[in-house]
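Quick notes on the structure that follows.
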Amino acid sequence: MKSALAVFGILALSFHIYGQDIKGTILDSLNSTPLEYASVGLVGTLYGCITDQQGVFHLEVPEQEPE
């Protein structure tokens, strides 16, 4: 589980994330079953959500002006 979240965090940081709709499914790396109620977040921000019973998440990051 930690590896899936770490990969997501790295991918999220390599893209311009503001003003994006990020959707996906988190699966267990051992048996590919959906992970229920897993935390999903963008490293270095306050944006996050949790997966549903099917491991699906939808994270809406609002548009922000660059500093």
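If you're wondering about the labels, chains in the structure tokens are A, B, ... by order shown, residues count from 1 in each chain, ligands from 1 in order shown.
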Neighbours of Leu27 of chain A within 10 Å (only C-alpha atoms; same-chain residues fewer than 4 positions away dropped), as a ChimeraX atom specification? /A:1,4,31-36,38,54-56
The selected residues should be written to file as a compact mmCIF listing (two decimals), in the first residue's frame (atoms: C-alpha atoms).
```
# COMPACT_ATOMS: atom_id res chain seq x y z
CA MET A 1 0.00 0.00 0.00
CA ALA A 4 1.28 2.72 -4.41
CA ASN A 31 -3.41 -9.37 -4.93
CA SER A 32 -4.70 -6.44 -7.04
CA THR A 33 -7.84 -6.00 -4.96
CA PRO A 34 -9.17 -2.45 -4.42
CA LEU A 35 -8.06 -0.74 -1.22
CA GLU A 36 -11.08 0.56 0.68
CA ALA A 38 -7.15 4.50 1.72
CA GLN A 54 -14.05 0.01 -4.75
CA GLY A 55 -10.72 1.80 -4.20
CA VAL A 56 -11.75 4.71 -6.43
```
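The shell of residues at most 7 Å from Tyr47 of chain A, with only C-alpha atoms counted and near chain neighbours (fewer than 5 positions) removed, consists of Gly41, Leu42 and Val61 of chain A.
Note that atom CA of Glu60 of chain A and atom CA of Ser29 of chain A are 25.2 Å apart.
Among the candidates A:Ser39, A:Thr45, A:Gln20, A:Thr25, the residue lying nearest to Phe57 of chain A is A:Thr25 (atoms considered: only C-alpha atoms).
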